[in-house]
Every structure is written in C-alpha cells, then in structure tokens.
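As stored in query.cif (mmCIF, C-alpha atoms):
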```
data_model
#
loop_
_atom_site.group_PDB
_atom_site.id
_atom_site.type_symbol
_atom_site.label_atom_id
_atom_site.label_comp_id
_atom_site.auth_asym_id
_atom_site.auth_seq_id
_atom_site.Cartn_x
_atom_site.Cartn_y
_atom_site.Cartn_z
ATOM 1 C CA MET A 1 -19.401 5.391 -1.287
ATOM 2 C CA VAL A 2 -17.483 2.298 -0.236
ATOM 3 C CA THR A 3 -14.822 3.032 2.380
ATOM 4 C CA ILE A 4 -11.655 1.116 1.496
ATOM 5 C CA ASP A 5 -8.444 0.690 3.434
ATOM 6 C CA SER A 6 -5.864 0.280 0.676
ATOM 7 C CA HIS A 7 -2.989 -1.055 2.765
ATOM 8 C CA GLN A 8 -3.224 -3.938 5.217
ATOM 9 C CA HIS A 9 -1.016 -6.908 5.983
ATOM 10 C CA VAL A 10 -1.375 -10.286 7.610
ATOM 11 C CA TRP A 11 1.410 -12.700 8.361
ATOM 12 C CA ASP A 12 1.864 -16.144 9.824
ATOM 13 C CA LEU A 13 5.333 -17.088 11.012
ATOM 14 C CA ALA A 14 4.490 -20.782 10.666
ATOM 15 C CA ARG A 15 3.545 -20.350 6.998
ATOM 16 C CA ALA A 16 6.128 -17.986 5.498
ATOM 17 C CA ARG A 17 9.502 -16.347 6.150
ATOM 18 C CA TYR A 18 9.547 -12.674 7.101
ATOM 19 C CA ASP A 19 13.252 -11.900 7.280
ATOM 20 C CA TRP A 20 12.682 -8.241 8.162
ATOM 21 C CA LEU A 21 10.518 -9.087 11.160
ATOM 22 C CA THR A 22 12.738 -9.266 14.255
ATOM 23 C CA ALA A 23 12.519 -8.721 18.010
ATOM 24 C CA GLU A 24 12.940 -4.986 17.487
ATOM 25 C CA HIS A 25 9.428 -5.047 16.013
ATOM 26 C CA SER A 26 7.851 -6.357 19.200
ATOM 27 C CA PRO A 27 4.880 -6.638 19.722
ATOM 28 C CA ILE A 28 4.221 -7.504 16.061
ATOM 29 C CA ASP A 29 7.029 -10.045 15.660
ATOM 30 C CA ARG A 30 4.449 -12.810 15.820
ATOM 31 C CA THR A 31 1.577 -14.111 13.731
ATOM 32 C CA MET A 32 -0.913 -11.331 13.011
ATOM 33 C CA ASN A 33 -4.227 -12.476 11.583
ATOM 34 C CA PHE A 34 -7.274 -10.759 10.129
ATOM 35 C CA ASP A 35 -9.468 -11.545 13.122
ATOM 36 C CA ALA A 36 -7.320 -9.212 15.233
ATOM 37 C CA LEU A 37 -7.847 -6.394 12.734
ATOM 38 C CA ARG A 38 -11.585 -6.712 12.093
ATOM 39 C CA PRO A 39 -12.857 -4.913 15.239
ATOM 40 C CA SER A 40 -10.737 -1.873 14.392
ATOM 41 C CA LEU A 41 -12.089 -1.799 10.849
ATOM 42 C CA ARG A 42 -15.642 -1.893 12.165
ATOM 43 C CA ARG A 43 -15.067 0.937 14.600
ATOM 44 C CA ALA A 44 -13.567 3.060 11.826
ATOM 45 C CA GLY A 45 -16.377 2.275 9.405
ATOM 46 C CA ILE A 46 -14.083 0.558 6.891
ATOM 47 C CA GLN A 47 -16.062 -1.714 4.576
ATOM 48 C CA ALA A 48 -13.353 -3.257 2.382
ATOM 49 C CA THR A 49 -9.611 -3.775 2.505
ATOM 50 C CA VAL A 50 -6.671 -4.454 0.221
ATOM 51 C CA LEU A 51 -4.189 -7.015 1.523
ATOM 52 C CA VAL A 52 -0.616 -6.167 0.538
ATOM 53 C CA GLN A 53 2.456 -8.396 0.265
ATOM 54 C CA SER A 54 4.682 -8.637 3.358
ATOM 55 C CA ALA A 55 7.456 -10.970 2.197
ATOM 56 C CA ASP A 56 9.272 -11.803 -1.013
ATOM 57 C CA ASN A 57 8.037 -15.363 -1.269
ATOM 58 C CA ASP A 58 5.086 -17.299 -2.690
ATOM 59 C CA GLU A 59 4.056 -18.568 0.728
ATOM 60 C CA ASP A 60 3.088 -15.077 1.895
ATOM 61 C CA THR A 61 0.919 -14.615 -1.203
ATOM 62 C CA ASP A 62 -0.711 -18.011 -0.726
ATOM 63 C CA LEU A 63 -1.516 -17.019 2.856
ATOM 64 C CA MET A 64 -3.125 -13.753 1.729
ATOM 65 C CA LEU A 65 -5.277 -15.576 -0.818
ATOM 66 C CA GLU A 66 -6.409 -18.004 1.853
ATOM 67 C CA VAL A 67 -7.258 -15.133 4.200
ATOM 68 C CA ALA A 68 -9.173 -13.432 1.393
ATOM 69 C CA ARG A 69 -11.238 -16.562 0.767
ATOM 70 C CA GLU A 70 -12.130 -16.777 4.449
ATOM 71 C CA ASN A 71 -12.784 -13.059 4.981
ATOM 72 C CA PRO A 72 -15.037 -11.419 2.386
ATOM 73 C CA GLU A 73 -14.083 -7.949 3.617
ATOM 74 C CA VAL A 74 -10.862 -8.436 1.626
ATOM 75 C CA ALA A 75 -11.685 -7.104 -1.836
ATOM 76 C CA ALA A 76 -8.200 -7.158 -3.405
ATOM 77 C CA VAL A 77 -4.740 -8.661 -2.957
ATOM 78 C CA VAL A 78 -1.371 -7.213 -3.980
ATOM 79 C CA ALA A 79 0.836 -10.252 -4.461
ATOM 80 C CA PHE A 80 4.489 -11.165 -4.883
ATOM 81 C CA VAL A 81 6.142 -12.291 -8.088
ATOM 82 C CA PRO A 82 9.953 -12.510 -8.386
ATOM 83 C CA LEU A 83 10.828 -9.387 -10.358
ATOM 84 C CA HIS A 84 14.475 -10.486 -10.566
ATOM 85 C CA ASP A 85 13.408 -13.595 -12.535
ATOM 86 C CA PRO A 86 11.211 -12.548 -15.492
ATOM 87 C CA GLY A 87 10.542 -16.109 -16.634
ATOM 88 C CA ARG A 88 9.266 -17.235 -13.270
ATOM 89 C CA ALA A 89 7.508 -13.908 -12.776
ATOM 90 C CA ALA A 90 5.571 -14.404 -16.017
ATOM 91 C CA THR A 91 4.418 -17.880 -15.007
ATOM 92 C CA ARG A 92 3.425 -16.856 -11.507
ATOM 93 C CA LEU A 93 1.690 -13.671 -12.660
ATOM 94 C CA ASP A 94 -0.374 -15.615 -15.187
ATOM 95 C CA GLU A 95 -1.357 -18.083 -12.486
ATOM 96 C CA LEU A 96 -2.280 -15.410 -9.953
ATOM 97 C CA ARG A 97 -4.213 -13.199 -12.341
ATOM 98 C CA ARG A 98 -6.702 -16.005 -12.986
ATOM 99 C CA ASP A 99 -8.135 -14.986 -9.644
ATOM 100 C CA PRO A 100 -9.875 -11.591 -9.983
ATOM 101 C CA ILE A 101 -8.947 -10.691 -6.411
ATOM 102 C CA VAL A 102 -5.255 -10.351 -7.396
ATOM 103 C CA VAL A 103 -4.873 -6.803 -8.671
ATOM 104 C CA GLY A 104 -1.171 -6.085 -8.558
ATOM 105 C CA VAL A 105 2.346 -6.855 -7.400
ATOM 106 C CA ARG A 106 4.762 -5.617 -4.767
ATOM 107 C CA ASN A 107 8.347 -6.537 -3.877
ATOM 108 C CA LEU A 108 10.341 -5.365 -0.871
ATOM 109 C CA ILE A 109 12.774 -3.517 -3.108
ATOM 110 C CA HIS A 110 13.909 -1.332 -0.200
ATOM 111 C CA ASP A 111 15.468 -4.381 1.456
ATOM 112 C CA HIS A 112 17.992 -4.724 -1.375
ATOM 113 C CA PRO A 113 21.318 -3.008 -0.650
ATOM 114 C CA ASP A 114 21.455 -1.680 -4.213
ATOM 115 C CA PRO A 115 19.330 1.518 -4.331
ATOM 116 C CA ASP A 116 19.178 1.120 -8.123
ATOM 117 C CA TYR A 117 17.755 -2.409 -7.946
ATOM 118 C CA ILE A 118 14.500 -1.366 -9.611
ATOM 119 C CA LEU A 119 16.410 -0.319 -12.761
ATOM 120 C CA ARG A 120 18.155 -3.668 -13.276
ATOM 121 C CA PRO A 121 17.436 -5.179 -16.733
ATOM 122 C CA ASP A 122 15.860 -8.329 -15.306
ATOM 123 C CA VAL A 123 13.618 -6.332 -12.966
ATOM 124 C CA ASP A 124 12.737 -3.955 -15.779
ATOM 125 C CA ASP A 125 11.656 -6.889 -17.942
ATOM 126 C CA SER A 126 9.314 -7.985 -15.173
ATOM 127 C CA LEU A 127 7.834 -4.494 -14.870
ATOM 128 C CA ALA A 128 7.068 -4.744 -18.568
ATOM 129 C CA LEU A 129 5.127 -7.931 -17.799
ATOM 130 C CA LEU A 130 3.034 -6.070 -15.207
ATOM 131 C CA GLU A 131 2.418 -3.264 -17.660
ATOM 132 C CA ALA A 132 1.267 -5.664 -20.396
ATOM 133 C CA ALA A 133 -0.980 -7.581 -17.990
ATOM 134 C CA GLY A 134 -2.616 -4.430 -16.611
ATOM 135 C CA ALA A 135 -1.396 -5.288 -13.127
ATOM 136 C CA THR A 136 -0.540 -2.485 -10.712
ATOM 137 C CA PHE A 137 2.804 -1.981 -9.006
ATOM 138 C CA ASP A 138 3.083 -1.000 -5.343
ATOM 139 C CA TYR A 139 6.437 0.770 -5.094
ATOM 140 C CA VAL A 140 8.200 0.747 -1.722
ATOM 141 C CA ALA A 141 10.384 3.851 -1.859
ATOM 142 C CA VAL A 142 12.177 4.725 1.363
ATOM 143 C CA LEU A 143 15.315 6.457 0.050
ATOM 144 C CA PRO A 144 15.484 9.604 -2.075
ATOM 145 C CA ARG A 145 17.193 7.463 -4.708
ATOM 146 C CA HIS A 146 14.132 5.201 -4.846
ATOM 147 C CA LEU A 147 11.875 8.187 -5.383
ATOM 148 C CA GLU A 148 14.154 9.561 -8.106
ATOM 149 C CA HIS A 149 13.616 6.369 -10.066
ATOM 150 C CA VAL A 150 9.851 6.871 -10.406
ATOM 151 C CA GLU A 151 10.504 9.208 -13.325
ATOM 152 C CA THR A 152 12.649 6.616 -15.103
ATOM 153 C CA ILE A 153 10.170 3.791 -14.492
ATOM 154 C CA SER A 154 7.396 6.004 -15.840
ATOM 155 C CA GLU A 155 9.357 6.736 -19.015
ATOM 156 C CA ARG A 156 10.187 3.085 -19.599
ATOM 157 C CA HIS A 157 6.664 1.855 -18.853
ATOM 158 C CA PRO A 158 4.184 4.602 -19.748
ATOM 159 C CA ARG A 159 1.132 2.382 -19.188
ATOM 160 C CA LEU A 160 2.200 0.945 -15.818
ATOM 161 C CA ARG A 161 0.029 2.090 -12.929
ATOM 162 C CA ILE A 162 2.248 2.761 -9.905
ATOM 163 C CA VAL A 163 1.314 3.612 -6.340
ATOM 164 C CA ILE A 164 4.009 4.931 -4.006
ATOM 165 C CA ASP A 165 3.498 3.223 -0.667
ATOM 166 C CA HIS A 166 3.498 5.495 2.394
ATOM 167 C CA LEU A 167 4.216 8.530 0.172
ATOM 168 C CA ALA A 168 7.859 7.368 0.075
ATOM 169 C CA LYS A 169 8.360 7.961 3.799
ATOM 170 C CA PRO A 170 8.499 11.786 3.993
ATOM 171 C CA PRO A 171 10.837 13.365 6.576
ATOM 172 C CA ILE A 172 8.137 13.846 9.203
ATOM 173 C CA GLY A 173 9.592 15.441 12.320
ATOM 174 C CA LEU A 174 12.864 16.431 10.649
ATOM 175 C CA ALA A 175 13.975 19.983 9.993
ATOM 176 C CA ASP A 176 14.749 19.559 6.284
ATOM 177 C CA ARG A 177 11.910 18.601 3.922
ATOM 178 C CA GLU A 178 14.204 18.157 0.942
ATOM 179 C CA PRO A 179 14.798 16.222 -1.234
ATOM 180 C CA TRP A 180 11.427 14.559 -0.620
ATOM 181 C CA TRP A 181 9.543 17.823 -1.148
ATOM 182 C CA SER A 182 10.850 18.232 -4.697
ATOM 183 C CA LEU A 183 11.042 14.567 -5.637
ATOM 184 C CA ILE A 184 7.417 13.799 -4.784
ATOM 185 C CA GLU A 185 6.344 16.569 -7.159
ATOM 186 C CA ARG A 186 8.469 15.105 -9.951
ATOM 187 C CA ALA A 187 7.051 11.638 -9.333
ATOM 188 C CA ALA A 188 3.490 12.971 -9.488
ATOM 189 C CA GLN A 189 3.984 14.440 -12.955
ATOM 190 C CA ASN A 190 3.033 11.058 -14.409
ATOM 191 C CA PRO A 191 -0.781 10.819 -14.181
ATOM 192 C CA LEU A 192 -0.493 7.049 -13.683
ATOM 193 C CA VAL A 193 1.515 7.468 -10.469
ATOM 194 C CA PHE A 194 -0.555 7.507 -7.270
ATOM 195 C CA GLY A 195 0.231 7.839 -3.567
ATOM 196 C CA LYS A 196 -0.845 6.077 -0.397
ATOM 197 C CA VAL A 197 -1.655 8.197 2.621
ATOM 198 C CA SER A 198 -0.365 5.475 4.899
ATOM 199 C CA GLY A 199 2.562 4.699 7.178
ATOM 200 C CA LEU A 200 3.103 8.407 7.887
ATOM 201 C CA TYR A 201 4.988 8.167 11.155
ATOM 202 C CA SER A 202 7.861 10.176 12.582
ATOM 203 C CA ALA A 203 11.074 9.815 10.583
ATOM 204 C CA THR A 204 13.023 10.153 13.832
ATOM 205 C CA GLY A 205 12.109 6.599 14.773
ATOM 206 C CA SER A 206 10.019 7.777 17.692
ATOM 207 C CA PRO A 207 6.534 6.282 18.155
ATOM 208 C CA ASP A 208 5.315 9.795 18.943
ATOM 209 C CA TRP A 209 3.652 11.617 16.078
ATOM 210 C CA THR A 210 0.837 14.087 15.704
ATOM 211 C CA THR A 211 -1.542 15.148 12.976
ATOM 212 C CA ASP A 212 0.130 18.550 12.890
ATOM 213 C CA LEU A 213 3.495 16.919 12.153
ATOM 214 C CA VAL A 214 2.000 14.973 9.263
ATOM 215 C CA ARG A 215 -0.166 17.775 7.866
ATOM 216 C CA PRO A 216 2.464 19.642 5.758
ATOM 217 C CA PHE A 217 3.394 16.439 3.967
ATOM 218 C CA PHE A 218 -0.213 15.455 3.355
ATOM 219 C CA ASP A 219 -0.892 18.939 2.019
ATOM 220 C CA ARG A 220 2.106 18.620 -0.288
ATOM 221 C CA ALA A 221 0.841 15.273 -1.572
ATOM 222 C CA LEU A 222 -2.632 16.736 -2.065
ATOM 223 C CA GLU A 223 -1.120 19.629 -3.999
ATOM 224 C CA THR A 224 0.935 17.397 -6.282
ATOM 225 C CA PHE A 225 -1.317 14.364 -6.790
ATOM 226 C CA GLY A 226 -4.779 15.725 -6.112
ATOM 227 C CA PRO A 227 -7.402 13.668 -4.232
ATOM 228 C CA ALA A 228 -8.154 11.466 -7.257
ATOM 229 C CA ARG A 229 -4.635 9.986 -7.004
ATOM 230 C CA LEU A 230 -4.400 9.590 -3.228
ATOM 231 C CA MET A 231 -5.757 6.690 -1.184
ATOM 232 C CA TYR A 232 -6.015 6.001 2.536
ATOM 233 C CA GLY A 233 -4.168 3.063 4.082
ATOM 234 C CA GLY A 234 -4.180 1.986 7.738
ATOM 235 C CA ASP A 235 -0.877 0.068 7.506
ATOM 236 C CA TRP A 236 -1.918 -2.522 10.092
ATOM 237 C CA PRO A 237 -0.228 -4.261 11.855
ATOM 238 C CA VAL A 238 2.814 -1.971 11.513
ATOM 239 C CA SER A 239 0.543 0.789 12.855
ATOM 240 C CA VAL A 240 0.423 -1.113 16.160
ATOM 241 C CA LEU A 241 3.951 0.179 16.782
ATOM 242 C CA PHE A 242 2.725 3.748 16.401
ATOM 243 C CA GLY A 243 -0.355 3.796 18.570
ATOM 244 C CA GLY A 244 -2.606 1.252 16.900
ATOM 245 C CA TYR A 245 -5.193 1.339 14.149
ATOM 246 C CA GLU A 246 -7.628 3.649 15.919
ATOM 247 C CA ARG A 247 -4.980 6.251 16.650
ATOM 248 C CA VAL A 248 -3.760 6.268 13.047
ATOM 249 C CA TRP A 249 -7.321 6.440 11.737
ATOM 250 C CA ALA A 250 -8.195 9.326 14.053
ATOM 251 C CA GLY A 251 -5.022 11.226 13.214
ATOM 252 C CA LEU A 252 -5.433 10.901 9.459
ATOM 253 C CA SER A 253 -9.168 11.567 9.594
ATOM 254 C CA GLU A 254 -8.356 15.038 10.908
ATOM 255 C CA LEU A 255 -6.454 15.676 7.697
ATOM 256 C CA PHE A 256 -9.437 14.644 5.606
ATOM 257 C CA GLU A 257 -11.935 16.804 7.478
ATOM 258 C CA GLY A 258 -10.886 19.929 5.595
ATOM 259 C CA LEU A 259 -11.683 18.391 2.220
ATOM 260 C CA ASP A 260 -14.987 18.692 0.446
ATOM 261 C CA PRO A 261 -17.163 15.530 0.395
ATOM 262 C CA SER A 262 -16.164 14.458 -3.105
ATOM 263 C CA GLU A 263 -12.444 14.789 -2.338
ATOM 264 C CA ARG A 264 -12.842 12.861 0.897
ATOM 265 C CA GLN A 265 -14.723 10.123 -0.941
ATOM 266 C CA GLN A 266 -11.867 9.783 -3.395
ATOM 267 C CA ILE A 267 -9.204 9.330 -0.717
ATOM 268 C CA LEU A 268 -11.359 7.047 1.427
ATOM 269 C CA GLY A 269 -12.360 4.662 -1.314
ATOM 270 C CA GLY A 270 -12.821 5.993 -4.811
ATOM 271 C CA THR A 271 -9.143 6.202 -5.685
ATOM 272 C CA ALA A 272 -8.337 2.689 -4.453
ATOM 273 C CA GLU A 273 -11.328 1.264 -6.312
ATOM 274 C CA SER A 274 -10.339 2.861 -9.618
ATOM 275 C CA PHE A 275 -6.559 2.424 -9.317
ATOM 276 C CA TYR A 276 -6.730 -1.253 -8.460
ATOM 277 C CA ARG A 277 -9.791 -1.811 -10.680
ATOM 278 C CA ILE A 278 -11.344 -3.779 -7.868
ATOM 279 C CA ASP A 279 -13.873 -6.321 -9.071
ATOM 280 C CA PRO A 280 -17.387 -4.919 -8.436
ATOM 281 C CA GLY A 281 -18.637 -8.289 -7.260
ATOM 282 C CA LEU A 282 -15.851 -8.614 -4.713
ATOM 283 C CA LEU A 283 -16.458 -5.074 -3.532
ATOM 284 C CA SER A 284 -20.186 -5.748 -3.101
ATOM 285 C CA ARG A 285 -19.343 -8.907 -1.185
ATOM 286 C CA ALA A 286 -17.124 -6.894 1.152
ATOM 287 C CA VAL A 287 -19.849 -4.323 1.774
ATOM 288 C CA ARG A 288 -22.414 -7.023 2.560
ATOM 289 C CA ALA A 289 -20.048 -8.764 4.961
ATOM 290 C CA SER A 290 -19.293 -5.497 6.699
ATOM 291 C CA ALA A 291 -22.978 -4.684 7.095
ATOM 292 C CA GLU A 292 -23.824 -8.153 8.383
ATOM 293 C CA ASP A 293 -21.009 -8.053 10.913
ATOM 294 C CA ALA A 294 -22.017 -4.585 12.107
ATOM 295 C CA ALA A 295 -25.604 -5.765 12.573
#
```
Structure translated into structure tokens:
Amino acid sequence: MVTIDSHQHVWDLARARYDWLTAEHSPIDRTMNFDALRPSLRRAGIQATVLVQSADNDEDTDLMLEVARENPEVAAVVAFVPLHDPGRAATRLDELRRDPIVVGVRNLIHDHPDPDYILRPDVDDSLALLEAAGATFDYVAVLPRHLEHVETISERHPRLRIVIDHLAKPPIGLADREPWWSLIERAAQNPLVFGKVSGLYSATGSPDWTTDLVRPFFDRALETFGPARLMYGGDWPVSVLFGGYERVWAGLSELFEGLDPSERQQILGGTAESFYRIDPGLLSRAVRASAEDAA
C-alpha cells in the first residue's frame, strides 16, 4: 500500500495573492514551502502527497506545478481554473491537463458572499467541462447551503467525481449536529461523491480539539460514505494553527485504528489513488523518493 496525504498546500507570498491569508492566521501568514513539510511526512510514514489549490489565480497553480517538479513526493496537483468564465476555464483546463500530474480543480467557492454561487449558469457550464474532461472537483463546503447543493450538482453532472473537502466542516464541539448530520448523508447518496477526513478542527474556533470530539463525525462519515470513499488529508499548513502536522496525524490515526486493515488502507491511500486516478508512474516516483529520503 502507498500511504497518500490527499490534502496539502504550499504558498509563496512573493509569487501569488492569497487574499484570505491575514495576520489572524499567524504563524502561517507567510511563505510556506514543501521543505518545511517534508520532515513531518517522513515521521508519519507518508509516501506521496496531493497538492491542493490555495488561491483563485493562475500564479498559485504555477507555483504548485513548480513545487511538484522539484519534489517527487508530490504525485498529484488539484489546480485552479476560473469557473465563472467557462471560455477561459476551457482553455486553461486543456493546457493544464497536458501534464498528467494535474488531476482536478478547486475554487475557493466559500469565499463568495453568494452561498448559491456554485449553481450559477456560468459556473455550471465550467463544471460540465470538468465532467467531460474526467477531471475531479474538490468542493469547499463550509455552510449548510453549500452542502445542500451537492445533490443538485450530482443531478446536473452525473459523471463528475466530487470530493467534499474537510467533510464540509462538521459542527465539532457544538451541541447541535444538525443540519450537517442529515446533509452529509444526502450528499453521500451519489456514489461519485467522496469525502476528505481532513481539517476536522473545533467549530468553536478554539485550537483545542481531541480525537473524542472528532470521532462521532468520522463515524458518521464512515457510515455514509464507507472507507472506499473516504481519504486522509493532513491539511498542512493550516494544521499548524491546530497543533501541527504530527498532532493532527496522531489524532486521526486513533480513529483509523479501529478499522480492519483493508479499510485503513483505503482511507490512507487507496481511495485517493483511485479517486484522483493518480498516474502510476508518478506514484512510483513518489514512493522511491520517500524511500531514498528515509534511508
């Protein structure tokens, strides 16, 4: 089994704009490069990673592709194309997909004030482009309204493979589990919708979280998606704000310990490999680089 972290970021403030990144995000409101992450990956036994878009601009994607060329542990990249501009999205998607490392697309749809942004006709046309190209869609759902729309997107684009980042931010630490509890089940009814076991921090805004707080929501995701549609993500460097990579890895690993070996293998690599259709050659390259570095 190849152990894959399905959700990592890098950013360089001299190379791209990250409008969401402000002083309130200290100590990560600065350039965060792959070299700072690598030791944590080694200690956790992670062999390959998926770099995921951090900003709605081409410069962020270009940076990720450069990082991927320089760091063979990166086996896949989830890029940006402008979903609000189908013509430009088509051109950029065609350009990016010439590189086998680009597997899918993400936009920061949660930063738009309109909670129905994803249903706009222009955005919908772009989702059709992803569907036709066989590209995946990382969906950033942070509001119940966002999660409600998974059903509509699934109906409009029945062949589009969707992964819900961070399990749509469940209400960890809050008294009321609804509407997330019901909505995640509805979203999972489409067999082409997957979930990332990543970014599962306290919804209270506190950096304090425990495995026991997360467990009910992981169990709910396991019940609704099954292990073959769940994938682990370390969410670095955002995880730095919540104890760091090692703490997140240790906390989530406790959740996986109760699974049988085949289920654990799915969540820790198999699901990401199949969902993103990661190029076997790139995956082998990542494994070799990991082994050489460990030696």
Report task. Excluding A:Trp20 and residues on its chain fewer than 3 positions from it, collect all residues at most 9 Å away from it, counting only C-alpha atoms, and give them as a list in words. Result -> Arg17, Ala55 and Asp111 of chain A
Query - Nearest-residue call for A:Thr271, choices A:Ala89, A:Ala291, A:Leu192, A:Ala23, using all atoms listed in the file - result: A:Leu192
Report task. Please write the residues picked by the PyMOL selection byres ((chain A and resi 285-290) around 6) on this file as a PyMOL selection string. Result -> chain A and resi 47-48+72-73+282-284+291-293
Report task. Could you tell me which residues the PyMOL selection byres ((chain A and resi 142) around 8) returns for this structure, as a list in words? Result -> His110, Val140, Ala141, Leu143, Pro144, His146, Leu147, Ala168 and Lys169 of chain A
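Atom pair atom CA of A:Leu65 / atom CA of A:Ser154: separated by 29.2 Å.
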Query - Output check: residues returned by the PyMOL selection byres ((chain A and resi 126-134) around 7), as a ChimeraX atom specification - result: /A:83,86,89-90,122-125,135-136,157,159-160
**Report entry** Counting all atoms listed in the file, the option among A:Trp209, A:Ala44, A:Thr204, A:Pro100 closest to A:Gly281
**Finding:** A:Pro100
Would you kindly place N, CA and C atoms on stretch 54-82 of chain A and return the model as a CSV table (one decimal), keeping the file's coordinate frame?
```
chain,number,residue,atom,x,y,z
A,54,SER,N,3.8,-8.9,2.2
A,54,SER,CA,4.7,-8.6,3.4
A,54,SER,C,6.0,-9.3,3.3
A,55,ALA,N,6.2,-10.2,2.3
A,55,ALA,CA,7.5,-11.0,2.2
A,55,ALA,C,7.7,-11.4,0.8
A,56,ASP,N,8.9,-11.5,0.4
A,56,ASP,CA,9.3,-11.8,-1.0
A,56,ASP,C,9.3,-13.3,-1.2
A,57,ASN,N,8.2,-13.9,-1.0
A,57,ASN,CA,8.0,-15.4,-1.3
A,57,ASN,C,6.6,-15.7,-1.6
A,58,ASP,N,6.4,-16.9,-2.3
A,58,ASP,CA,5.1,-17.3,-2.7
A,58,ASP,C,4.2,-17.7,-1.5
A,59,GLU,N,4.8,-18.1,-0.4
A,59,GLU,CA,4.1,-18.6,0.7
A,59,GLU,C,3.2,-17.4,1.3
A,60,ASP,N,3.8,-16.2,1.4
A,60,ASP,CA,3.1,-15.1,1.9
A,60,ASP,C,1.9,-14.8,1.0
A,61,THR,N,2.0,-14.8,-0.3
A,61,THR,CA,0.9,-14.6,-1.2
A,61,THR,C,-0.1,-15.7,-1.0
A,62,ASP,N,0.3,-16.9,-0.9
A,62,ASP,CA,-0.7,-18.0,-0.7
A,62,ASP,C,-1.5,-17.8,0.6
A,63,LEU,N,-0.8,-17.3,1.6
A,63,LEU,CA,-1.5,-17.0,2.9
A,63,LEU,C,-2.6,-15.9,2.6
A,64,MET,N,-2.2,-14.8,2.0
A,64,MET,CA,-3.1,-13.8,1.7
A,64,MET,C,-4.4,-14.2,1.0
A,65,LEU,N,-4.1,-15.1,0.0
A,65,LEU,CA,-5.3,-15.6,-0.8
A,65,LEU,C,-6.2,-16.4,0.0
A,66,GLU,N,-5.6,-17.2,0.9
A,66,GLU,CA,-6.4,-18.0,1.9
A,66,GLU,C,-7.2,-17.1,2.8
A,67,VAL,N,-6.6,-16.1,3.3
A,67,VAL,CA,-7.3,-15.1,4.2
A,67,VAL,C,-8.4,-14.4,3.4
A,68,ALA,N,-8.1,-14.1,2.2
A,68,ALA,CA,-9.2,-13.4,1.4
A,68,ALA,C,-10.4,-14.3,1.2
A,69,ARG,N,-10.1,-15.6,1.0
A,69,ARG,CA,-11.2,-16.6,0.8
A,69,ARG,C,-12.1,-16.7,2.0
A,70,GLU,N,-11.4,-16.6,3.2
A,70,GLU,CA,-12.1,-16.8,4.4
A,70,GLU,C,-12.7,-15.5,5.0
A,71,ASN,N,-12.3,-14.4,4.5
A,71,ASN,CA,-12.8,-13.1,5.0
A,71,ASN,C,-13.2,-12.2,3.8
A,72,PRO,N,-14.5,-12.1,3.6
A,72,PRO,CA,-15.0,-11.4,2.4
A,72,PRO,C,-14.8,-9.9,2.4
A,73,GLU,N,-14.4,-9.4,3.6
A,73,GLU,CA,-14.1,-7.9,3.6
A,73,GLU,C,-12.8,-7.6,2.8
A,74,VAL,N,-12.0,-8.6,2.5
A,74,VAL,CA,-10.9,-8.4,1.6
A,74,VAL,C,-11.3,-8.4,0.2
A,75,ALA,N,-11.2,-7.3,-0.5
A,75,ALA,CA,-11.7,-7.1,-1.8
A,75,ALA,C,-10.6,-7.2,-2.9
A,76,ALA,N,-9.3,-7.1,-2.5
A,76,ALA,CA,-8.2,-7.2,-3.4
A,76,ALA,C,-6.9,-7.6,-2.7
A,77,VAL,N,-6.0,-8.2,-3.5
A,77,VAL,CA,-4.7,-8.7,-3.0
A,77,VAL,C,-3.6,-8.2,-3.9
A,78,VAL,N,-2.6,-7.6,-3.3
A,78,VAL,CA,-1.4,-7.2,-4.0
A,78,VAL,C,-0.3,-8.3,-3.7
A,79,ALA,N,0.1,-9.0,-4.7
A,79,ALA,CA,0.8,-10.3,-4.5
A,79,ALA,C,2.3,-10.1,-4.7
A,80,PHE,N,3.1,-11.1,-4.6
A,80,PHE,CA,4.5,-11.2,-4.9
A,80,PHE,C,4.7,-12.0,-6.1
A,81,VAL,N,5.5,-11.5,-7.0
A,81,VAL,CA,6.1,-12.3,-8.1
A,81,VAL,C,7.6,-11.9,-8.1
A,82,PRO,N,8.5,-12.8,-8.5
A,82,PRO,CA,10.0,-12.5,-8.4
A,82,PRO,C,10.4,-11.6,-9.5
```
